[in-house]
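Taking it in order: structure first as structure tokens, then the write-up.
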Amino acid sequence: MKYMGVNEVREAFLSFFESKEHLRLQSFSLVPHNDKSLLLINSGMAPMKAYFTGQEVPPSKRVTTCQKCIRTGDIENVGKTARHGTFFEMLGDFSFGDYFKNEIIPWSWEFVTKVLEIPEDKLYVTIYEEDDESGDIWHNVVGVPRDRIKKLGKADNFWEHGTGPCGPCTEIYYDRGEKYSCGSPECGVGCDCDRYMEFWNLVLTQFNAEPDGTYTELDQKNVDTGMGLERMATILQGVDSIFDVDTIKSIRDAICQKAKVEYGKIAKIDVSVRVITDHIRSVTMMTADGVLPSNEGRGYVLRRLLRRAARHGKLLGIEGEFLAELSKSVIACSGDAYPELVDKQEYIFKILSIEENSFYKTIDNGMAILKSDMGEMKEAGQTTMSGEKSFRLYDTYGFPIDLTKEILEEAGMNVDEEAFAAEMKQQKERARAARGKSTYMGAAETVYHELPVDLQTKFAGYDIKEVGDAKIIALVANNEIAGMAQKGDTVSVFLDNTPFYAESGGQVGDCGIIKTEKGTVNVTDCIKVIGGKIAHVGQVTEGTLSVDEKAVATVDWERRMATSRNHSTTHLLQKALRTVLGTHVEQAGSYVSPERLRFDFTHFTAMTDEELKTVEKIVNDSIFASYVIETAEMSIDEARNKGAMALFGEKYGDVVRVVDMGGYSIELCGGAHLQNTAQAGSFKILSENGVAAGVRRIEAVTGGEALKHYQAQEDEIKGICRLVKASPDKLVARVEQLMAEQKELTKELDKLKAKMAGGAAEDIINSKVEMNGVAVLAAEVKDLDANGMRTLGDQLKNKLGSGIVVLAGGAEGKVNLMVMATDDVVAKGAHAGNIVKAAAAVCGGGGGGRPNMAQAGGKNPGKIGEALEKAKEVIAQQIK
């Protein structure tokens with residue numbers, strides 16, 4: 001058996017299937033594309049569902065990939081065993097209606113025995129118990145003895161997902177030897193022990209599962225195989241687990257060196273080392289694909305994995321931040337296979353560092369809450385923390401449950417784990433309910449699913465506004481497939497070629513007109529529907545139109561140019577942001593329309609006014625520089641060598657379109673652009689704010705919309721000048737003068753209020769009463785705000801020397817209440833916060849405060865008298 005490293009196995013597999021006329025595709029992003037049924041890609045076939053369902057045409061009928069995958073279903077077991085992990089790479093070959101069993105079964109054996117040189121006497125295969133065809137191929141064609149072919153039932157060797165395409169599986173197993181056996185006389189292929197390792201699953205999709213439970217033969221049969229890369233490496237390298245294979249071991253060793261520990265000596269240490277080893281692979285890969293830490297969805301998966309790794313780092317005694325540094329080991333091992341790791345490494349380091357630091361602050365906050373909860377438990381004589389409290393720590397404050405349990409155990413306490421599990425289950429059910437019912441692709445089918453799969457439109461509109469020889473190849477009228485549409489119908493028109501840009505990459509779709517000899521359609525939007533088909537959405541305004549008719553398609557070019565101004569300027573904006581803020585800035589989303597542009601980018605603090613001014617100047621300087629904008633198609637490798645920036649999670653083919661703005665900004669982009677940056681006219685930022693954790697948003701305008709903005713601001717300034725009676729050049733000085741005058745008037749008003757309060761104090765002091773030896777003043781006051789009430793309260797308290805002051809005032813549906821108590825009265829039991837809380841409740845409000853001073857509000861001024869009586873009642877109860 002040949003020793004091979006992880007990277008060698010990957011290349012050997014992909015090269016082998018290339019020799020079998022397969023198209024090698026780069027791994028798809030971990031973020032699913034047009035699939036709402038998954039948070040993260042979890043198998044080699046997951047990104048290709050649309051090809052298998054026929055919704056999209058594959059780039060080749062034969063494809064091979066090594067796909068990045070993440071599964072977190074058993075995250076709590078990661079580290080505890082050497083077989084569990086969240087990140088893995090899945091090698092696969094796929095046939096979309098091309099070859100089938102007679103080809104893939106012999107090929108798989110050829111690869112395993114000839115390329116990998118695994119001895120045949122170490123191999124076994126399983127087949128579905130009713131799939132004699134596969135069994136005969138294994139025996140008669142490949143030559144596998146019958147006693148090495150085991151039949152298994154539907155649960156093990158038949159793949160199906162509700163109704164739809166399904167079929168039998170055949171799997172290849174490796175016998176690792178007696179030392180991995182469970183020792184049972186029944187031990188054999190299919191046993192749960194570690195001796196017989198399944199390493200390659202061939203899914204042979206040949207049936208369609210009908211709603212009535214029957215199966216019908218598919219006309220187009222598919223092949224979907226999956227071989228775990230790391231699992232195969234354990235076989236070829238003769239090691240015990242995935243944590244011992246060359247690339248993963250190098251990460252494991254880096255952790256041990258950082259923590260100054262040795263792997264394989266102490267079980268508890270090994271658990272933490274494995275957790276960090278696995279999780280740093282996942283978070284590095286996820287971050288490279290644009291996932292940001294958050295409290296929901298895939299962002300929560302990233303945050304949970306990162307925090308779990310950070311927590312185990314502390315258990316190993318690692319001081320300070322270490323995850324960003326450790327991610328360099330992942331990039332070193334996998335950067336050749338996944339170039340996005342190298343391209344985005346500075347960004348990866350920044351994200352991991354910020355999130356890790358945030359977690360350590362969370363730990364500090366969580367410790368304070370946990371200690372408070374433990375104090376309450378001790379006072380109540382309890383030793384078990386409720387599920388509600390432990391889950392609150394976990395869910396709201398991000399405090400790991402295992403840390404909660406450990407700290408409680410040190411204090412002789414524990415967690416009600418059943419109650420915690422119940423809380424967790426309820427949360428999952430809430431999340432599931434919020435997602436709604438999911439189909440195979442995570443979204444309901446539409447009328448567009450009924451269109452022919454091979455229906456395609458050639459886009460010819462980057463530089464032309466009209467196509468005069470288009471042909472209508474399909475028509476949807478009033479949400480139904482139709483052969484004809486008439487005046488008043490809402491339609492989606494499909495052409496064989498079009499100048500209309502369909503909404504994509506954040507750029508809105510074009511508008512315009514489609515005319516035939518018999519009718520006219522006012523196109524109000526152009527969108528991409530299932531399979532990338534281009535739908536011209538609008539209404540028939542004249543006559544009729546029919547499938548197969550010739551048509552003239554004309555784009556609203558003025559609108560397109562306005563959109564292009566904003567699109568080209570987003571490229572200039574990203575370049576400026578990276579210049580001013582740093583290379584961690586990456587596009588996190590965009591929206592470009594004729595009216596404005598919106599650009600979301602990764603950054604972790606609000607931009608300063610100075611930074612915004614600098615960015616704005618750089619963009620405008622780039623516009624004034626009149627850079628020629630050129631587009632060219634090239635290979636993805638050529639584009640990278642040219643320095644082109646790629647977008648997170650974007651699905652790129654072998655050939656990409658590069659937009660080069662005079663060498664200043666170079667990006668991969670399929671959108672519509674200007675021919676020269678000068679055509680943008682000018683650029684003005686309207687706003688900058690946060691939209692999510694680690695994501696900021698800039699909204700801006702260009703060209704004619706920028707001019708409108710400047711004119712609107714000028715009109716507003718002129719209006720203010722008229723109001724304050726000043727010319728524009730003297731406006732600031734005039735406003736400063738008015739503000740100074742207002743400040744003086746406010747001082748005078750405060751003096752008058754204080755004087756009035758003094759007079760009111762004399763009147764109120766005469767209404768004092770004695771309650772259990774304590775002087776109490778309770779009065780309604782008028783025309784005083786909260787500040788004035790505090791001033792009056794202080795005066796009354798000083799005049800009393802010892803006692804309690806209760807004041808209430810209100811108007812227009814609002815009540816203000818205030819209670820003050822001197823220190824000697826507080827010592828006798830008085831509590832201003834409780835007094836004001838009870839009084840406010842009478843007025844339909846609430847509030848509270850300290851024992852010596854408290855304020856509250858209410859909604860019913862008509863109840864002020866009752867509120868004052870309630871205050872006296874509470875005072876009498878407090879002072880006995």
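All residue names refer to the structure tokens as shown: chains lettered A, B, ... in order, residues numbered from 1 in each chain, ligands numbered from 1 in order.
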
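For Ile127 (chain A), the residues within 7 Å (counting only C-alpha atoms, excluding itself and residues fewer than 5 positions away along the chain) are Ser134, Gly135, Lys150, Lys151, Leu152, Asn157, Cys169, Thr170 and Glu171 of chain A.
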
Shell around Asn497 (chain A) at 6 Å using only C-alpha atoms, local window under 6 positions removed, as a compact mmCIF listing (two decimals) with C-alpha atoms, in the first residue's frame:
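Printed below is part.txt as written:
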```
# COMPACT_ATOMS: atom_id res chain seq x y z
CA THR A 457 -30.84 33.19 -23.34
CA LYS A 458 -27.66 34.74 -24.69
CA PHE A 459 -26.94 38.09 -23.01
CA ALA A 470 -34.61 38.33 -30.93
```

Exercise. DSSP on the backbone: what in region 495-618 of chain A comes out strand (DSSP E), as a ChimeraX atom specification?
Worked result: /A:495,497-498,512-515,519-529,533-546,550-555,587-592,597-602

Find the residues near region 328-333 of chain A: any atom within 7 Å, counting only C-alpha atoms, skip ones fewer than 2 places away on the same chain, and give them as a short mmCIF file (atom, residue, chain, number, x, y, z; two decimals) with N, CA, C and O atoms, in the first residue's frame.
```cif
data_model
loop_
_atom_site.label_atom_id
_atom_site.label_comp_id
_atom_site.auth_asym_id
_atom_site.auth_seq_id
_atom_site.Cartn_x
_atom_site.Cartn_y
_atom_site.Cartn_z
N THR A 247 -1.44 16.49 7.37
CA THR A 247 -1.80 17.91 7.42
C THR A 247 -2.47 18.28 8.74
O THR A 247 -2.17 19.33 9.32
N ILE A 251 -1.25 20.75 12.34
CA ILE A 251 -2.04 21.72 13.12
C ILE A 251 -2.04 21.30 14.59
O ILE A 251 -1.86 22.12 15.49
N ARG A 281 -9.82 24.48 11.88
CA ARG A 281 -10.00 24.20 10.45
C ARG A 281 -11.35 24.74 9.98
O ARG A 281 -11.44 25.41 8.94
N GLU A 325 -3.22 33.24 14.98
CA GLU A 325 -1.88 32.70 14.73
C GLU A 325 -1.98 31.23 14.30
O GLU A 325 -1.29 30.78 13.38
N LEU A 326 -2.86 30.48 14.95
CA LEU A 326 -3.01 29.07 14.65
C LEU A 326 -3.60 28.84 13.26
O LEU A 326 -3.29 27.85 12.59
N GLY A 335 -3.66 25.87 1.63
CA GLY A 335 -3.70 27.04 0.75
C GLY A 335 -3.57 26.73 -0.72
O GLY A 335 -4.15 27.42 -1.57
N LEU A 341 -7.96 30.88 0.81
CA LEU A 341 -7.34 30.99 2.13
C LEU A 341 -6.17 31.96 2.10
O LEU A 341 -5.97 32.76 3.02
N VAL A 342 -5.37 31.86 1.05
CA VAL A 342 -4.21 32.75 0.91
C VAL A 342 -4.68 34.16 0.56
O VAL A 342 -4.20 35.15 1.12
#
```

For this session: Would you list the contacts of Met645 (chain A) as a list in words, taking every protein, DNA or RNA residue within 8 Å and counting only C-alpha atoms, but skipping same-chain residues closer than 2 positions in sequence?
Result: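 In the requested format, the answer is Arg640, Gly643, Leu647, Ile666, Glu667 and Leu668 of chain A.
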
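Note that the spacing between CA of Leu674 (chain A) and CA of His571 (chain A) amounts to 11.5 Å.
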
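Pairwise distance (CA of Asn772 (chain A), CA of Ala830 (chain A)) equals 11.8 Å.
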
With a cut-off of 12 Å, could you pull out the residues of region 368-416 of chain A touching region 59-76 of chain A and give me the nearest pair of atoms for each, distance in Å to one decimal, using only C-alpha atoms, ordered by chain and ascending number, as JSON lines?
```
{"residue": "A:Pro400", "atom": "CA", "partner": "A:Glu76", "partner_atom": "CA", "distance": 11.3}
{"residue": "A:Ile401", "atom": "CA", "partner": "A:Glu76", "partner_atom": "CA", "distance": 10.7}
{"residue": "A:Asp402", "atom": "CA", "partner": "A:Glu76", "partner_atom": "CA", "distance": 9.9}
```

Write the residues you've just listed into a file as a PDB file, in the first residue's frame, and include N, CA, C and O atoms for each of them.
```pdb
ATOM      1  N   PRO A 400     -20.200  28.996  27.823  1.00  0.00           N
ATOM      2  CA  PRO A 400     -20.278  27.555  27.526  1.00  0.00           C
ATOM      3  C   PRO A 400     -20.866  26.754  28.683  1.00  0.00           C
ATOM      4  O   PRO A 400     -20.501  26.958  29.843  1.00  0.00           O
ATOM      5  N   ILE A 401     -21.747  25.819  28.382  1.00  0.00           N
ATOM      6  CA  ILE A 401     -22.395  25.012  29.412  1.00  0.00           C
ATOM      7  C   ILE A 401     -21.385  24.146  30.154  1.00  0.00           C
ATOM      8  O   ILE A 401     -21.506  23.923  31.357  1.00  0.00           O
ATOM      9  N   ASP A 402     -20.334  23.665  29.414  1.00  0.00           N
ATOM     10  CA  ASP A 402     -19.353  22.831  30.107  1.00  0.00           C
ATOM     11  C   ASP A 402     -18.566  23.644  31.130  1.00  0.00           C
ATOM     12  O   ASP A 402     -18.172  23.137  32.178  1.00  0.00           O
TER      13      ASP A 402
END
```

Problem set entry | Sel. of helix (DSSP H, G or I) residues, region 339-520 of chain A, as a PyMOL selection string | chain A and resi 340-343+345-379+387-395+401-410+417-435+447-450

For this session: Take CA of Cys166 (chain A) and CA of Pro106 (chain A) and report the distance between them in Å, one decimal.
Result: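 CA of Cys166 (chain A) sits 21.6 Å away from CA of Pro106 (chain A).
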
Exercise. Of the candidates A:Leu14, A:Leu302, A:Val774, A:Leu25, which one gets nearest to Leu352 (chain A) if we count only C-alpha atoms?
Worked result: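 Going through A:Leu14, A:Leu302, A:Val774, A:Leu25 one by one, the smallest distance to Leu352 (chain A) is for A:Leu302.
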
Problem set entry | For Asp763 (chain A), the nearest of the candidates A:Asp395, A:Asp729, A:Glu780, A:Glu429, counting only C-alpha atoms |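 Among the listed residues, the smallest separation from Asp763 (chain A) belongs to A:Glu780.
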
Exercise. Near Ser15 (chain A), counting only C-alpha atoms, which residues have an atom at most 12 Å away, once you skip same-chain residues fewer than 2 positions from it, shown as a list of chain:residue names?
Worked result: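 The residues satisfying every condition are A:Glu8, A:Val9, A:Arg10, A:Glu11, A:Ala12, A:Phe13, A:Phe17, A:Glu18, A:Ser19, A:Lys20, A:Glu21, A:His22, A:Leu23, A:Arg24, A:Leu25, A:Val63, A:Thr64, A:Thr65, A:Cys66, A:Leu91, A:Gly92, A:Asp93, A:Phe111, A:Val115.
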
Could you turn the residues from that selection into a file that holds C-alpha atoms, as a CSV table (one decimal), in the first residue's frame?
```
chain,number,residue,atom,x,y,z
A,8,GLU,CA,-1.4,13.9,-2.7
A,9,VAL,CA,-4.6,11.8,-2.3
A,10,ARG,CA,-6.7,14.8,-3.3
A,11,GLU,CA,-4.7,15.4,-6.5
A,12,ALA,CA,-4.5,11.7,-7.3
A,13,PHE,CA,-8.3,11.3,-7.1
A,17,PHE,CA,-11.3,11.1,-12.9
A,18,GLU,CA,-9.9,13.8,-15.3
A,19,SER,CA,-8.4,10.9,-17.1
A,20,LYS,CA,-11.9,9.5,-17.3
A,21,GLU,CA,-13.1,12.6,-19.1
A,22,HIS,CA,-14.5,14.4,-16.0
A,23,LEU,CA,-14.4,18.1,-15.6
A,24,ARG,CA,-12.5,19.1,-12.4
A,25,LEU,CA,-14.4,21.9,-10.6
A,63,VAL,CA,-17.7,16.2,-12.9
A,64,THR,CA,-15.2,15.6,-10.2
A,65,THR,CA,-14.6,17.7,-7.1
A,66,CYS,CA,-13.0,17.9,-3.7
A,91,LEU,CA,-13.8,13.6,-2.8
A,92,GLY,CA,-16.5,12.9,-5.4
A,93,ASP,CA,-17.2,12.0,-9.0
A,111,PHE,CA,-8.5,3.8,-8.4
A,115,VAL,CA,-3.6,4.2,-8.0
```

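The list of residues with at least one atom within 8 Å of Asn365 (chain A), based on only C-alpha atoms and without residues fewer than 4 positions apart in the same chain, reads Lys361, Ile369 and Tyr397 of chain A.
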
Exercise. Quick one: of A:Arg560, A:Lys684, A:His536, A:Lys154, who's nearest to Ser492 (chain A), counting only C-alpha atoms?
Worked result: A:His536
